[in-house]
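Colleague: Below is the file start31.cif, with mmCIF, C-alpha atoms.
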data_target
loop_
_atom_site.group_PDB
_atom_site.id
_atom_site.type_symbol
_atom_site.label_atom_id
_atom_site.label_comp_id
_atom_site.auth_asym_id
_atom_site.auth_seq_id
_atom_site.Cartn_x
_atom_site.Cartn_y
_atom_site.Cartn_z
ATOM 1 C CA MET A 60 14.509 47.034 5.978
ATOM 2 C CA ASN A 61 16.307 44.384 7.957
ATOM 3 C CA ILE A 62 12.963 42.757 8.794
ATOM 4 C CA GLN A 63 12.027 42.628 5.103
ATOM 5 C CA LYS A 64 15.361 41.029 4.260
ATOM 6 C CA SER A 65 14.886 38.387 6.951
ATOM 7 C CA GLN A 66 11.389 37.665 5.615
ATOM 8 C CA LYS A 67 12.784 37.223 2.103
ATOM 9 C CA ASP A 68 15.476 34.901 3.463
ATOM 10 C CA GLN A 69 12.811 32.979 5.341
ATOM 11 C CA LEU A 70 10.726 32.555 2.169
ATOM 12 C CA ALA A 71 13.783 31.433 0.230
ATOM 13 C CA LYS A 72 14.562 28.799 2.887
ATOM 14 C CA LEU A 73 10.953 27.589 2.849
ATOM 15 C CA GLN A 74 11.098 27.288 -0.932
ATOM 16 C CA GLN A 75 14.310 25.262 -0.665
ATOM 17 C CA ILE A 76 12.659 22.906 1.844
ATOM 18 C CA VAL A 77 9.638 22.448 -0.424
ATOM 19 C CA LYS A 78 11.843 21.810 -3.475
ATOM 20 C CA LYS A 79 13.987 19.284 -1.589
ATOM 21 C CA THR A 80 10.906 17.470 -0.318
ATOM 22 C CA MET A 81 9.337 17.348 -3.775
ATOM 23 C CA ASP A 82 12.532 15.833 -5.164
ATOM 24 C CA ASP A 83 12.581 13.248 -2.359
ATOM 25 C CA GLU A 84 8.932 12.310 -2.933
ATOM 26 C CA LYS A 85 9.121 12.076 -6.738
ATOM 27 C CA LEU A 86 10.303 8.445 -6.742
ATOM 28 C CA ILE A 87 7.652 7.423 -4.224
ATOM 29 C CA VAL A 88 4.830 9.140 -6.089
ATOM 30 C CA ASP A 89 5.972 7.716 -9.449
ATOM 31 C CA ASN A 90 5.968 4.191 -8.013
ATOM 32 C CA LEU A 91 2.527 4.630 -6.459
ATOM 33 C CA LEU A 92 0.942 6.203 -9.530
ATOM 34 C CA ASN A 93 2.499 3.793 -12.027
ATOM 35 C CA PRO A 94 2.696 0.354 -10.447
ATOM 36 C CA PRO A 95 4.128 -2.384 -12.648
ATOM 37 C CA GLU A 96 1.412 -4.220 -14.518
ATOM 38 C CA ASP A 97 0.886 -7.895 -13.880
ATOM 39 C CA ILE A 98 1.471 -10.020 -16.963
ATOM 40 C CA PHE A 99 -0.088 -13.450 -16.577
ATOM 41 C CA THR A 100 0.549 -16.475 -18.737
ATOM 42 C CA SER A 101 -2.406 -18.521 -19.886
ATOM 43 C CA GLY A 102 -1.532 -21.214 -17.313
ATOM 44 C CA GLN A 103 -1.606 -18.643 -14.522
ATOM 45 C CA LYS A 104 -4.963 -17.336 -15.692
ATOM 46 C CA ILE A 105 -6.360 -20.872 -15.773
ATOM 47 C CA SER A 106 -4.991 -21.671 -12.319
ATOM 48 C CA ASP A 107 -6.586 -18.499 -10.932
ATOM 49 C CA LYS A 108 -9.942 -19.448 -12.440
ATOM 50 C CA VAL A 109 -9.676 -23.045 -11.180
ATOM 51 C CA ALA A 110 -8.725 -21.821 -7.693
ATOM 52 C CA ARG A 111 -11.559 -19.286 -7.713
ATOM 53 C CA PHE A 112 -14.089 -21.956 -8.735
ATOM 54 C CA GLY A 113 -12.518 -24.713 -6.585
ATOM 55 C CA GLY A 114 -12.852 -22.582 -3.479
ATOM 56 C CA SER A 115 -16.479 -21.655 -3.991
ATOM 57 C CA TRP A 116 -19.829 -22.993 -2.818
ATOM 58 C CA ALA A 117 -20.787 -23.536 -6.457
ATOM 59 C CA PHE A 118 -17.980 -26.082 -6.780
ATOM 60 C CA ILE A 119 -18.877 -27.850 -3.535
ATOM 61 C CA ILE A 120 -22.584 -28.064 -4.361
ATOM 62 C CA SER A 121 -22.057 -29.102 -7.997
ATOM 63 C CA PHE A 122 -19.458 -31.697 -6.990
ATOM 64 C CA PHE A 123 -21.802 -33.074 -4.330
ATOM 65 C CA ILE A 124 -24.632 -33.318 -6.881
ATOM 66 C CA ILE A 125 -22.391 -35.090 -9.413
ATOM 67 C CA LEU A 126 -21.259 -37.592 -6.771
ATOM 68 C CA LEU A 127 -24.854 -38.159 -5.647
ATOM 69 C CA LEU A 128 -25.979 -38.744 -9.253
ATOM 70 C CA TRP A 129 -23.010 -41.086 -9.814
ATOM 71 C CA ILE A 130 -23.898 -43.162 -6.762
ATOM 72 C CA LEU A 131 -27.635 -43.198 -7.566
ATOM 73 C CA TYR A 132 -27.060 -44.197 -11.179
ATOM 74 C CA ASN A 133 -24.689 -47.019 -10.239
ATOM 75 C CA THR A 134 -26.965 -48.387 -7.518
ATOM 76 C CA ILE A 135 -30.413 -48.040 -9.152
ATOM 77 C CA THR A 136 -29.742 -48.998 -12.781
ATOM 78 C CA PRO A 137 -29.754 -52.642 -13.933
ATOM 79 C CA LEU A 138 -26.497 -54.560 -13.607
ATOM 80 C CA LYS A 139 -25.741 -54.554 -17.334
ATOM 81 C CA ASP A 140 -25.693 -50.673 -17.479
ATOM 82 C CA ILE A 141 -23.610 -50.102 -14.342
ATOM 83 C CA PHE A 142 -20.158 -48.760 -15.193
ATOM 84 C CA ASP A 143 -18.852 -48.487 -11.587
ATOM 85 C CA PRO A 144 -20.275 -51.097 -9.179
ATOM 86 C CA TYR A 145 -20.617 -50.638 -5.416
ATOM 87 C CA PRO A 146 -17.263 -49.902 -3.914
ATOM 88 C CA PHE A 147 -17.155 -47.196 -6.630
ATOM 89 C CA ILE A 148 -13.482 -47.699 -7.409
ATOM 90 C CA LEU A 149 -13.645 -45.537 -10.558
ATOM 91 C CA MET A 150 -15.280 -42.709 -8.591
ATOM 92 C CA ASN A 151 -12.556 -42.926 -5.928
ATOM 93 C CA LEU A 152 -9.899 -42.843 -8.625
ATOM 94 C CA ILE A 153 -11.448 -39.756 -10.229
ATOM 95 C CA LEU A 154 -11.771 -38.036 -6.841
ATOM 96 C CA SER A 155 -8.114 -38.747 -6.098
ATOM 97 C CA CYS A 156 -7.073 -37.369 -9.490
ATOM 98 C CA VAL A 157 -9.183 -34.228 -9.021
ATOM 99 C CA ALA A 158 -7.644 -33.660 -5.581
ATOM 100 C CA ALA A 159 -4.123 -34.359 -6.877
ATOM 101 C CA LEU A 160 -4.523 -31.881 -9.740
ATOM 102 C CA GLN A 161 -6.522 -29.255 -7.901
ATOM 103 C CA ALA A 162 -4.120 -28.884 -4.957
ATOM 104 C CA PRO A 163 -1.053 -27.680 -6.925
ATOM 105 C CA VAL A 164 -3.205 -25.402 -9.088
ATOM 106 C CA ILE A 165 -4.653 -23.766 -5.980
ATOM 107 C CA MET A 166 -1.159 -23.462 -4.491
ATOM 108 C CA MET A 167 0.080 -21.692 -7.645
ATOM 109 C CA SER A 168 -2.787 -19.242 -7.378
ATOM 110 C CA GLN A 169 -2.087 -18.680 -3.678
ATOM 111 C CA ASN A 170 1.560 -17.933 -4.461
ATOM 112 C CA ARG A 171 0.478 -15.214 -6.868
ATOM 113 C CA VAL A 172 -1.919 -13.808 -4.271
ATOM 114 C CA GLU A 173 0.960 -13.700 -1.771
ATOM 115 C CA GLU A 174 3.054 -11.813 -4.334
ATOM 116 C CA LYS A 175 0.238 -9.291 -4.806
ATOM 117 C CA ASP A 176 -0.024 -8.905 -1.026
ATOM 118 C CA ARG A 177 3.721 -8.304 -0.845
ATOM 119 C CA LYS A 178 3.443 -5.576 -3.483
ATOM 120 C CA ARG A 179 0.534 -4.020 -1.586
ATOM 121 C CA SER A 180 2.567 -3.998 1.614
ATOM 122 C CA GLU A 181 5.462 -2.340 -0.252
ATOM 123 C CA ASN A 182 3.061 0.335 -1.487
ATOM 124 C CA ASP A 183 1.753 0.796 2.058
ATOM 125 C CA TYR A 184 5.340 1.223 3.220
ATOM 126 C CA LEU A 185 5.970 3.815 0.506
ATOM 127 C CA ILE A 186 2.826 5.706 1.502
ATOM 128 C CA ASN A 187 3.951 5.682 5.139
ATOM 129 C CA LEU A 188 7.391 6.857 4.059
ATOM 130 C CA LYS A 189 5.832 9.682 2.062
ATOM 131 C CA SER A 190 3.777 10.697 5.089
ATOM 132 C CA GLU A 191 6.888 10.667 7.242
ATOM 133 C CA LEU A 192 8.695 12.894 4.733
ATOM 134 C CA GLU A 193 5.794 15.332 4.746
ATOM 135 C CA ILE A 194 5.781 15.424 8.550
ATOM 136 C CA ARG A 195 9.534 16.072 8.564
ATOM 137 C CA GLU A 196 9.020 18.869 6.057
ATOM 138 C CA LEU A 197 6.372 20.430 8.290
ATOM 139 C CA HIS A 198 8.718 20.190 11.282
ATOM 140 C CA GLU A 199 11.469 21.887 9.301
ATOM 141 C CA LYS A 200 9.105 24.652 8.215
ATOM 142 C CA ILE A 201 7.871 25.222 11.756
ATOM 143 C CA ASP A 202 11.436 25.204 13.103
ATOM 144 C CA LEU A 203 12.466 27.684 10.429
ATOM 145 C CA LEU A 204 9.495 29.930 11.163
ATOM 146 C CA LEU A 205 10.210 29.847 14.898
ATOM 147 C CA GLU A 206 13.888 30.555 14.326
ATOM 148 C CA GLU A 207 13.138 33.502 12.079
ATOM 149 C CA GLN A 208 10.514 34.877 14.445
ATOM 150 C CA ILE A 209 12.951 34.654 17.353
ATOM 151 C CA LYS A 210 15.554 36.532 15.290
ATOM 152 C CA VAL A 211 13.047 39.225 14.358
ATOM 153 C CA LEU A 212 11.896 39.531 17.975
ATOM 154 C CA PHE A 213 15.511 39.758 19.134
ATOM 155 C CA GLU A 214 16.237 42.482 16.561
ATOM 156 C CA ILE A 215 13.133 44.400 17.621
ATOM 157 C CA GLN A 216 14.133 44.041 21.254
ATOM 158 C CA THR A 217 17.649 45.333 20.580
ATOM 159 C CA LYS A 218 16.207 48.314 18.688
ATOM 160 C CA GLN A 219 13.860 49.014 21.575
ATOM 161 C CA LEU A 220 16.766 48.841 24.018
ATOM 162 C CA GLU A 221 18.730 51.271 21.860
ATOM 163 C CA MET A 222 15.749 53.608 21.759
ATOM 164 C CA LEU A 223 15.368 53.352 25.539
ATOM 165 C CA LYS A 224 19.072 54.167 26.003
ATOM 166 C CA ARG A 225 18.717 57.206 23.735
ATOM 167 C CA ILE A 226 15.666 58.359 25.650
ATOM 168 C CA GLU A 227 17.492 57.761 28.924
ATOM 169 C CA THR A 228 20.496 59.775 27.783
ATOM 170 C CA LYS A 229 18.216 62.624 26.633
ATOM 171 C CA ILE A 230 16.465 62.655 30.002
ATOM 172 C CA GLU A 231 19.795 62.656 31.856
ATOM 173 C CA LYS A 232 21.051 65.593 29.765
ATOM 174 C CA LYS A 233 18.077 67.711 30.739
#
Using structure tokens, write down the structure that the file contains.

Modeller:
Amino acid sequence: MNIQKSQKDQLAKLQQIVKKTMDDEKLIVDNLLNPPEDIFTSGQKISDKVARFGGSWAFIISFFIILLLWILYNTITPLKDIFDPYPFILMNLILSCVAALQAPVIMMSQNRVEEKDRKRSENDYLINLKSELEIRELHEKIDLLLEEQIKVLFEIQTKQLEMLKRIETKIEKK
């Protein structure tokens, strides 16, 4: 009967460990399952699209083609139809404006990407924390099981010693 009682106590302790761990993990799981949604303004959406296009081969190739057409048109056409003669001052001005406007837009997009990366790293940390909690729980369960098994073995050993003493006394009486 004593062994059954110790097994019931052991199960109750294991249930307490599981309940405590589930309570500890609830916040972590809720945060991982329901991350806050990103709400972008129209300016942020535009900057993301500009940065996505501005950092692509399509942009580089199309920009190169436009510049090549600009130069060809202004060098081949008759003088009266040229709108930007040889040093191509207007083209340089437009290129400077594109670079001046594109750089901050790309930086805004990169800042948002860094924020997303930070949130991902926080989620990775929470996942690692959850794993650590589960490992601690397993250690507690194993320690509890070992402790209870040692108690049961000790009780069995004491009973065996008592039985041996009884047998010894019976043999001595005969």

Colleague: Which of these residues is nearest to Arg111 (chain A), using all atoms listed in the file: A:Ile165, A:Ile215, A:Leu203, A:Leu192?

Modeller: A:Ile165

Colleague: Identify which of the residues A:Val164, A:Tyr132, A:Lys232, A:Asp143 lies closest to Lys108 (chain A), counting all atoms listed in the file when measuring atom-to-atom distances.

Modeller: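 So, comparing all the options, the nearest one is A:Val164.
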
Colleague: Smallest atom-to-atom distance to Lys200 (chain A): which of A:Leu128, A:Leu223, A:Leu73, A:Ala162, using only C-alpha atoms?

Modeller: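 Checking each of A:Leu128, A:Leu223, A:Leu73, A:Ala162 against Lys200 (chain A), counting only C-alpha atoms, the winner is A:Leu73.
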
Colleague: What does the distance from CA of Gln69 (chain A) to CA of Met222 (chain A) come to in Å, to one decimal?

Modeller: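 These two atoms are separated by 26.5 Å.
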
Colleague: Let me make sure I understand: among A:Asn182, A:Ile125, A:Val172, A:Asp140, which one has the smallest atom-to-atom distance to Leu154 (chain A) if we use only C-alpha atoms?

Modeller: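 Under the stated criterion, the closest residue is A:Ile125.
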
Colleague: As an exercise, work out the distance from CA of Met81 (chain A) to CA of Ile201 (chain A) in Å and give it to one decimal place.

Modeller: 17.5 Å

Colleague: Which polymer residues, protein or nucleic acid, are no farther than 6 Å from (-3.9, -22.5, -7.6), counting only C-alpha atoms, as an mmCIF file with C-alpha atoms, in the frame of the given file?

Modeller:
data_model
loop_
_atom_site.group_PDB
_atom_site.id
_atom_site.type_symbol
_atom_site.label_atom_id
_atom_site.label_comp_id
_atom_site.auth_asym_id
_atom_site.auth_seq_id
_atom_site.Cartn_x
_atom_site.Cartn_y
_atom_site.Cartn_z
ATOM 1 C CA SER A 106 -4.991 -21.671 -12.319
ATOM 2 C CA ASP A 107 -6.586 -18.499 -10.932
ATOM 3 C CA ALA A 110 -8.725 -21.821 -7.693
ATOM 4 C CA PRO A 163 -1.053 -27.680 -6.925
ATOM 5 C CA VAL A 164 -3.205 -25.402 -9.088
ATOM 6 C CA ILE A 165 -4.653 -23.766 -5.980
ATOM 7 C CA MET A 166 -1.159 -23.462 -4.491
ATOM 8 C CA MET A 167 0.080 -21.692 -7.645
ATOM 9 C CA SER A 168 -2.787 -19.242 -7.378
ATOM 10 C CA GLN A 169 -2.087 -18.680 -3.678
#

Colleague: For a quick check of understanding, using all atoms listed in the file, which of A:Phe118, A:Val211, A:Gln74, A:Asp97 has the smallest distance to Lys178 (chain A)?

Modeller: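 Using all atoms listed in the file, Lys178 (chain A) sits closest to A:Asp97.
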
Colleague: With distances taken over all atoms listed in the file, which of A:Ala117, A:Val109, A:Met150, A:Ile194 is nearest to Ile130 (chain A)?

Modeller: A:Met150

Colleague: Please compute the CA of Leu197 (chain A)-CA of Ile76 (chain A) distance, one decimal, in Å.

Modeller: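 Here the two named atoms are 9.3 Å from each other.
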
Colleague: Skipping near chain neighbours, those fewer than 5 positions away, what residues fall within 12 Å of Tyr145 (chain A) using all atoms listed in the file, listed as a PyMOL selection string?

Modeller: chain A and resi 129-136+138+150-151
